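Participant: Quick one: this structure, given as structure tokens, is what I'll be asking you about.
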Amino acid sequence: MQIRKTRMLSEQDEESLFGWGKDIFGMESLKLEWRQKVLHFTLYIEGRAASHVGTLSDTVTVGSQKISICGIGAVVTRGDAQKRGLARKLLAQVINWAKESTEAEFGFLFCRPPLVPFYESMGWQLLKDPVLIEQSSGRMESPIPAMVLPLTEAKWPPGEVILGGLPW
Ligand SMILES: CC(C)(COP(=O)(O)OP(=O)(O)OC[C@H]1O[C@@H](n2cnc3c(N)ncnc32)[C@H](O)[C@@H]1OP(=O)(O)O)[C@@H](O)C(=O)NCCC(=O)NCCS
């Protein structure tokens with residue numbers, strides 16, 4: 001098992017990670033526009049990409065406060081490699097990297113409601129206040145849950161969250 005951090009995914013890795021099913025994130029019906037991730041953490045088993053976590057850096061606004069975050073997205077494990085703890089292992093490594101190598105105060109992700117308990121089991125907190133995201137059509141409230149994970153001692157403040165861009 002090997003984990004690599006890259007700026008690009010090869011076509012072969014993309015196919016392996018995202019080509020194993022239709023609508024693998026279960027979100028196509030929402031017709032949302034998503035932001036490209038900047039870094040790709042890929043876990044390989046026997047040389048083949050099996051699990052992936054994408055990241056980007058940004059700041060979000062809560063009230064008058066700007067909060068630096070590490071956006072986490074495109075979390076996926078190939079269909080035939082699921083339920084072996086790979087996503088959990090890779091997420092833990094990415095969070096360690098974010099704590100050690102970025103200025104971000106929080107991890108920040110979007111997920112489908114059934115996955116909230118999965119992330120809560122790793123310390124992520126569900127945001128109860130609305131999260132406003134941008135789309136080409138304008139600003140809208142995120143139709144899916146957003147979650148945060150403290151990377152420092154900071155506490156997430158209450159209040160509406162303004163993303164200022166596409167979600168990830
Ligand atoms: C979610 C996902 C990344 C987990 O990958 P994984 O390597 O199998 O994860 P782990 O083995 O570390 O943990 C498995 C846990 O995922 C959670 N999980 C996965 N799919 C789930 C679903 N459809 N509903 C609820 N929980 C789910 C469960 O908590 C599961 O724990 P269990 O095995 O005790 O039931 C994988 O199922 C996947 O790629 N799904 C499709 C893409 C997706 O939805 N990604 C999440 C975007 S936020």
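Residue numbering restarts at 1 for every chain of the structure tokens, chains are lettered A, B, ... in their displayed order, and ligands are numbered from 1 as they appear.
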Taking only C-alpha atoms and all ligand atoms into account, list the residues no farther than 7 Å from ligand 1, as a ChimeraX atom specification.

Facilitator: /A:24-26,51,73-79,81-89,110-112,114-115,117-118

Participant: Hey, could you make a per-residue contact list for range 54-123 of chain A against range 39-44 of chain A with 8 Å as the cut-off, showing the nearest pair of atoms and its distance in Å to one decimal, counting only C-alpha atoms, sorted by chain and number, as CSV?

Facilitator:
residue,atom,partner,partner_atom,distance
A:Gly54,CA,A:His40,CA,4.6
A:Thr55,CA,A:Leu39,CA,5.2
A:Leu56,CA,A:Leu39,CA,6.5
A:Leu86,CA,A:Leu43,CA,7.9
A:Leu90,CA,A:Leu43,CA,6.9
A:Val94,CA,A:Phe41,CA,7.4

Participant: How would the residues just picked look written out with N, CA and C atoms as a short mmCIF file (atom, residue, chain, number, x, y, z; two decimals), in the first residue's frame?

Facilitator:
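File produced: out33.cif:
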data_model
loop_
_atom_site.label_atom_id
_atom_site.label_comp_id
_atom_site.auth_asym_id
_atom_site.auth_seq_id
_atom_site.Cartn_x
_atom_site.Cartn_y
_atom_site.Cartn_z
N GLY A 54 -9.29 14.50 -2.50
CA GLY A 54 -8.81 15.74 -3.12
C GLY A 54 -8.85 16.87 -2.08
N THR A 55 -7.95 17.84 -2.26
CA THR A 55 -7.94 18.98 -1.33
C THR A 55 -7.76 20.30 -2.09
N LEU A 56 -8.14 21.37 -1.42
CA LEU A 56 -7.85 22.73 -1.90
C LEU A 56 -7.81 23.65 -0.68
N LEU A 86 -9.93 1.77 3.81
CA LEU A 86 -8.99 2.57 3.01
C LEU A 86 -9.29 4.06 3.09
N LEU A 90 -6.80 6.89 4.52
CA LEU A 90 -6.32 7.98 3.68
C LEU A 90 -6.74 9.34 4.26
N VAL A 94 -4.43 12.52 5.29
CA VAL A 94 -4.61 13.85 4.70
C VAL A 94 -4.81 14.89 5.82
#

Participant: Counting only C-alpha atoms, which of A:Trp156, A:Trp97, A:Tyr119, A:Trp20 gets nearest to Lys5 in chain A?

Facilitator: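 Looking at the shortest contact to Lys5 in chain A, the residue is A:Trp97.
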
Participant: With only C-alpha atoms as the counted atoms, please give the residues lying no more than 8 Å from Leu32 in chain A, apart from itself and same-chain residues fewer than 4 positions off, as a short mmCIF file (atom, residue, chain, number, x, y, z; two decimals) with N, CA and C atoms, in the first residue's frame.

Facilitator:
data_model
loop_
_atom_site.label_atom_id
_atom_site.label_comp_id
_atom_site.auth_asym_id
_atom_site.auth_seq_id
_atom_site.Cartn_x
_atom_site.Cartn_y
_atom_site.Cartn_z
N MET A 27 -24.95 12.24 -6.68
CA MET A 27 -25.35 13.65 -6.61
C MET A 27 -25.70 14.24 -7.97
N GLU A 28 -25.71 13.40 -9.02
CA GLU A 28 -25.94 13.96 -10.36
C GLU A 28 -27.29 14.66 -10.47
N GLN A 135 -23.08 29.25 -7.61
CA GLN A 135 -23.27 28.47 -8.85
C GLN A 135 -23.35 29.50 -9.97
#

Participant: I need the residues in chain A that are strand (DSSP E) according to DSSP; give them as a PyMOL selection string.

Facilitator: chain A and resi 2-6+39-45+48-62+65-77+106-110+125-126+131-135+138-141+146-150+161-162

Participant: Just give me the gap between CA of Ile67 in chain A and CA of Ala104 in chain A in Å, one decimal is fine.

Facilitator: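 Straight-line distance from CA of Ile67 in chain A to CA of Ala104 in chain A works out to 8.0 Å.
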
Participant: Determine the nearest neighbour of Trp168 in chain A from the options A:Ala92, A:Leu109, A:Leu132, A:Ala146, counting only C-alpha atoms.

Facilitator: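 For Trp168 in chain A, the nearest of the candidates is A:Leu109.
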
Participant: Give me every alpha helix (DSSP H) residue in chain A, going by DSSP on the backbone, as a PyMOL selection string.

Facilitator: chain A and resi 11-18+86-101+116-120

Participant: Between A:Thr59, A:Ser137, A:Asn96, A:Thr102, which is the closest to Ile162 in chain A once you count only C-alpha atoms?

Facilitator: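 So, comparing all the options, the nearest one is A:Thr59.
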
Participant: Write out as number ranges by chain which residues come within 12 Å of Gly47 in chain A when counting only C-alpha atoms, dropping same-chain ones fewer than 4 positions away.

Facilitator: A: 1-4, 12-13, 16, 42-43, 51
